[in-house]
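A.B. asks: I'd like to ask some things about the structure below.
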Amino acid sequence: MKKILGILLVVLLVSSLIMGCSSQGTSSEDEDVIKIGVFEPLTGANAAGGAMEVEGIELANEMFPEVLGKKVVLEIADNKSEKVEAANAATYLVDNANVVAIIGSWGSSLSMAAGPVAEENQIPIVAPSATNPMVTQGNDWYFRVCFIDPFQGKVMANYAYNEVGAKTAAIVREISNDYSVGLASFFVNSFKELTGDDNAILEIVDYNTGDTDFTAQLTSIKEKNPDVIFAPGNYTESALLAKQARELGINVPILGGDTWETPEFIDIGKEAVEGAVLSTFFTTEVPITPMSGTFLEAYQEKYNKEPAAVTALGFDAYLVILKAIERAGSTDPVVIRDEIAKTSGFEGAAGIVTLDENGDATKNAIIKEVKDGKFVYLTTVEP
């Protein structure tokens, strides 16, 4: 009898474990919540960028917490600023968190690493600020609410030629970063076209993510004496690069891209980044839509500081997905994907979002300058 009771207890224990595992696999459709995944770099080299995007996503979730009569729950995974971990984080959100859509990631390389996960599992992903064209190219499941690098590269080349008066340039690439390499290439092509000189780029030098000594690269640039330096890359390395350039007596303007717009860029670069000019997505000085004002007021009330451009884009990415779920009237990821693709005239915090056939947003670019330790608005550039 004791033996039979023991067997029964084992059977009951195993059954309860199976039921427990099954409950974890319950789809969002069967629950009282709808889950949206977020994969961002919360640790590692890009942690500051990831944190700023998450701020915007979480604020949007607080302000708009429901859709289809259900509570929206964010499932946030750290991609640790690494490509392999980015794919792992996206896979975790699909396999274990049962999300119906995903937001991410800060950093085009990290977004691209998750692209196959979206395709294979048919889960739509919306990138707030990943600008490399390859993020969405050939992938019907990836979208973005920001402009792309061919436009950004052209904007900065125009600034160098028309505003700086530069006829020659040197390029510094973070060679292990797809964003940096791609943006540099678009700048080069546009700058050569503007100058009409195939030899307008006097030097192209490279470094790897995590490098701290740029003496060799900068010495080579100094010898060529360009009118301007274009150095898109991660905020930490770019700030160190600017410091070392000034220490070597290189005093020409240094230009970059949207990744520079973090407090860390100014904290690390200090006086050396004064006058640095960058392209970005949003400015508090010129609200674009009514939602811009709503976002700014809510953000400043919650955080008591100025939001970064990528924070506004994180806010918009969440709302684009929410509106798509609302229009779909369903939590089926396939139907949600189709509705995201139809996004047109959406008035977000960072501007109006209309997605093209590639899933890319056509947006204005903002140019800012570091002045007195702050990012200051210079001008808006339309596509």
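Ligands are numbered from 1 in the order shown, chains are lettered A, B, ... in the order of the structure tokens, and residues start at 1 in each chain.
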Using DSSP on the backbone, list every residue of segment 91-164 of chain A that comes out as strand (DSSP E or B), and give them as a ChimeraX atom specification.

C.D. replies: /A:101-103,125-127,142-144

A.B. asks: Would you mind listing what lies within 12 Å of Ser190 of chain A as an MDAnalysis selection string, with only C-alpha atoms counted and same-chain residues fewer than 3 positions away left out?

C.D. replies: chainID A and resid 149:161 169 183:187 193:198 200:201

A.B. asks: Grab the atom CA of Ile340 of chain A to atom CA of Ser108 of chain A distance for me, in Å with one decimal place.

C.D. replies: 19.9 Å

A.B. asks: Determine, counting only C-alpha atoms, which protein, DNA and RNA residues have an atom within 7 Å of an atom of Lys363 of chain A; residues of the same chain fewer than 3 positions away are not included. Present the result as a list in words.

C.D. replies: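 So the residues in contact are Cys146, Phe147 and Pro383 of chain A.
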
A.B. asks: Quick one: everything within 12 Å of Asn79 of chain A, counting only C-alpha atoms, minus sequence neighbours fewer than 3 positions away in the same chain. Send it as a JSON list (two decimals) with N, CA and C atoms, in the first residue's frame.

C.D. replies:
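Result saved to part-v2.json:
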[["chain", "number", "residue", "atom", "x", "y", "z"],
["A", 38, "VAL", "N", 10.91, 43.81, -25.15],
["A", 38, "VAL", "CA", 11.90, 44.87, -25.36],
["A", 38, "VAL", "C", 13.28, 44.25, -25.21],
["A", 39, "PHE", "N", 14.13, 44.36, -26.23],
["A", 39, "PHE", "CA", 15.51, 43.90, -26.06],
["A", 39, "PHE", "C", 16.44, 45.08, -26.33],
["A", 40, "GLU", "N", 17.20, 45.43, -25.30],
["A", 40, "GLU", "CA", 18.04, 46.62, -25.35],
["A", 40, "GLU", "C", 19.36, 46.35, -24.61],
["A", 41, "PRO", "N", 20.42, 47.09, -24.96],
["A", 41, "PRO", "CA", 21.68, 46.96, -24.21],
["A", 41, "PRO", "C", 21.57, 47.68, -22.86],
["A", 42, "LEU", "N", 21.38, 46.93, -21.81],
["A", 42, "LEU", "CA", 21.27, 47.52, -20.47],
["A", 42, "LEU", "C", 22.58, 47.39, -19.70],
["A", 43, "THR", "N", 23.49, 46.58, -20.23],
["A", 43, "THR", "CA", 24.85, 46.48, -19.72],
["A", 43, "THR", "C", 25.80, 46.48, -20.92],
["A", 44, "GLY", "N", 27.08, 46.68, -20.67],
["A", 44, "GLY", "CA", 28.05, 46.68, -21.76],
["A", 44, "GLY", "C", 28.27, 48.06, -22.34],
["A", 45, "ALA", "N", 28.93, 48.10, -23.48],
["A", 45, "ALA", "CA", 29.40, 49.36, -24.07],
["A", 45, "ALA", "C", 28.28, 50.32, -24.46],
["A", 46, "ASN", "N", 27.10, 49.79, -24.76],
["A", 46, "ASN", "CA", 26.00, 50.63, -25.25],
["A", 46, "ASN", "C", 24.89, 50.83, -24.22],
["A", 47, "ALA", "N", 25.20, 50.56, -22.95],
["A", 47, "ALA", "CA", 24.17, 50.56, -21.91],
["A", 47, "ALA", "C", 23.45, 51.90, -21.78],
["A", 50, "GLY", "N", 20.77, 52.14, -24.50],
["A", 50, "GLY", "CA", 19.66, 51.25, -24.21],
["A", 50, "GLY", "C", 18.77, 51.78, -23.10],
["A", 51, "ALA", "N", 19.39, 52.31, -22.06],
["A", 51, "ALA", "CA", 18.64, 52.84, -20.92],
["A", 51, "ALA", "C", 17.75, 54.00, -21.35],
["A", 76, "ILE", "N", 11.24, 42.89, -20.59],
["A", 76, "ILE", "CA", 12.50, 43.53, -20.98],
["A", 76, "ILE", "C", 13.68, 42.57, -20.82],
["A", 82, "GLU", "N", 25.99, 42.99, -27.11],
["A", 82, "GLU", "CA", 26.69, 41.97, -27.91],
["A", 82, "GLU", "C", 25.74, 41.35, -28.93],
["A", 83, "LYS", "N", 26.25, 41.09, -30.12],
["A", 83, "LYS", "CA", 25.41, 40.57, -31.20],
["A", 83, "LYS", "C", 24.80, 39.22, -30.86],
["A", 84, "VAL", "N", 25.60, 38.30, -30.34],
["A", 84, "VAL", "CA", 25.09, 36.97, -30.00],
["A", 84, "VAL", "C", 24.02, 37.08, -28.92],
["A", 85, "GLU", "N", 24.28, 37.93, -27.93],
["A", 85, "GLU", "CA", 23.31, 38.11, -26.85],
["A", 85, "GLU", "C", 22.04, 38.80, -27.34],
["A", 86, "ALA", "N", 22.16, 39.62, -28.38],
["A", 86, "ALA", "CA", 20.98, 40.27, -28.95],
["A", 86, "ALA", "C", 20.05, 39.22, -29.55],
["A", 87, "ALA", "N", 20.63, 38.28, -30.30],
["A", 87, "ALA", "CA", 19.83, 37.18, -30.86],
["A", 87, "ALA", "C", 19.24, 36.32, -29.75],
["A", 88, "ASN", "N", 20.03, 36.07, -28.71],
["A", 88, "ASN", "CA", 19.55, 35.27, -27.58],
["A", 88, "ASN", "C", 18.40, 35.97, -26.85],
["A", 89, "ALA", "N", 18.54, 37.28, -26.66],
["A", 89, "ALA", "CA", 17.49, 38.03, -25.96],
["A", 89, "ALA", "C", 16.18, 38.00, -26.74],
["A", 90, "ALA", "N", 16.27, 38.20, -28.06],
["A", 90, "ALA", "CA", 15.07, 38.15, -28.89],
["A", 90, "ALA", "C", 14.44, 36.76, -28.87],
["A", 91, "THR", "N", 15.28, 35.73, -28.91],
["A", 91, "THR", "CA", 14.79, 34.34, -28.86],
["A", 91, "THR", "C", 14.09, 34.07, -27.53],
["A", 92, "TYR", "N", 14.68, 34.56, -26.45],
["A", 92, "TYR", "CA", 14.06, 34.39, -25.13],
["A", 92, "TYR", "C", 12.67, 35.03, -25.10],
["A", 93, "LEU", "N", 12.55, 36.23, -25.64],
["A", 93, "LEU", "CA", 11.27, 36.92, -25.62],
["A", 93, "LEU", "C", 10.20, 36.16, -26.40],
["A", 104, "GLY", "N", 13.18, 47.16, -30.26],
["A", 104, "GLY", "CA", 14.63, 47.16, -30.08],
["A", 104, "GLY", "C", 15.35, 47.09, -31.42],
["A", 105, "SER", "N", 16.62, 47.41, -31.39],
["A", 105, "SER", "CA", 17.43, 47.73, -30.25],
["A", 105, "SER", "C", 18.23, 48.97, -30.55],
["A", 106, "TRP", "N", 18.70, 49.65, -29.51],
["A", 106, "TRP", "CA", 19.70, 50.70, -29.71],
["A", 106, "TRP", "C", 20.94, 50.02, -30.30],
["A", 107, "GLY", "N", 21.41, 50.51, -31.44],
["A", 107, "GLY", "CA", 22.56, 49.89, -32.10],
["A", 107, "GLY", "C", 22.12, 49.03, -33.26],
["A", 109, "SER", "N", 23.82, 47.07, -35.26],
["A", 109, "SER", "CA", 24.39, 45.71, -35.25],
["A", 109, "SER", "C", 23.58, 44.77, -34.37],
["A", 110, "LEU", "N", 23.13, 45.28, -33.23],
["A", 110, "LEU", "CA", 22.34, 44.47, -32.31],
["A", 110, "LEU", "C", 20.97, 44.18, -32.90],
["A", 111, "SER", "N", 20.40, 45.16, -33.58],
["A", 111, "SER", "CA", 19.11, 44.96, -34.24],
["A", 111, "SER", "C", 19.24, 43.93, -35.35],
["A", 113, "ALA", "N", 21.28, 41.54, -35.62],
["A", 113, "ALA", "CA", 21.50, 40.19, -35.07],
["A", 113, "ALA", "C", 20.18, 39.51, -34.72],
["A", 114, "ALA", "N", 19.17, 40.31, -34.41],
["A", 114, "ALA", "CA", 17.87, 39.75, -34.03],
["A", 114, "ALA", "C", 16.94, 39.57, -35.23]]

A.B. asks: Please determine, counting only C-alpha atoms, which residue among A:Asp258, A:Glu119, A:Ser81, A:Phe143 has the shortest atom-to-atom distance to Glu339 of chain A.

C.D. replies: A:Phe143

A.B. asks: Counting only C-alpha atoms, what is within 12 Å of Val172 of chain A, bar same-chain residues fewer than 6 positions away, as number ranges by chain?

C.D. replies: A: 180-185, 187-188, 201-208, 214, 216-218, 220-221, 228-234, 237-238, 241-242, 245, 254-256

A.B. asks: My list of candidates is A:Thr354, A:Glu58, A:Thr168, A:Leu322. Which is closest to Glu75 of chain A when distances are computed with only C-alpha atoms?

C.D. replies: A:Glu58

A.B. asks: By how many Å are atom CA of Phe375 of chain A and atom CA of Thr212 of chain A apart?

C.D. replies: 23.7 Å
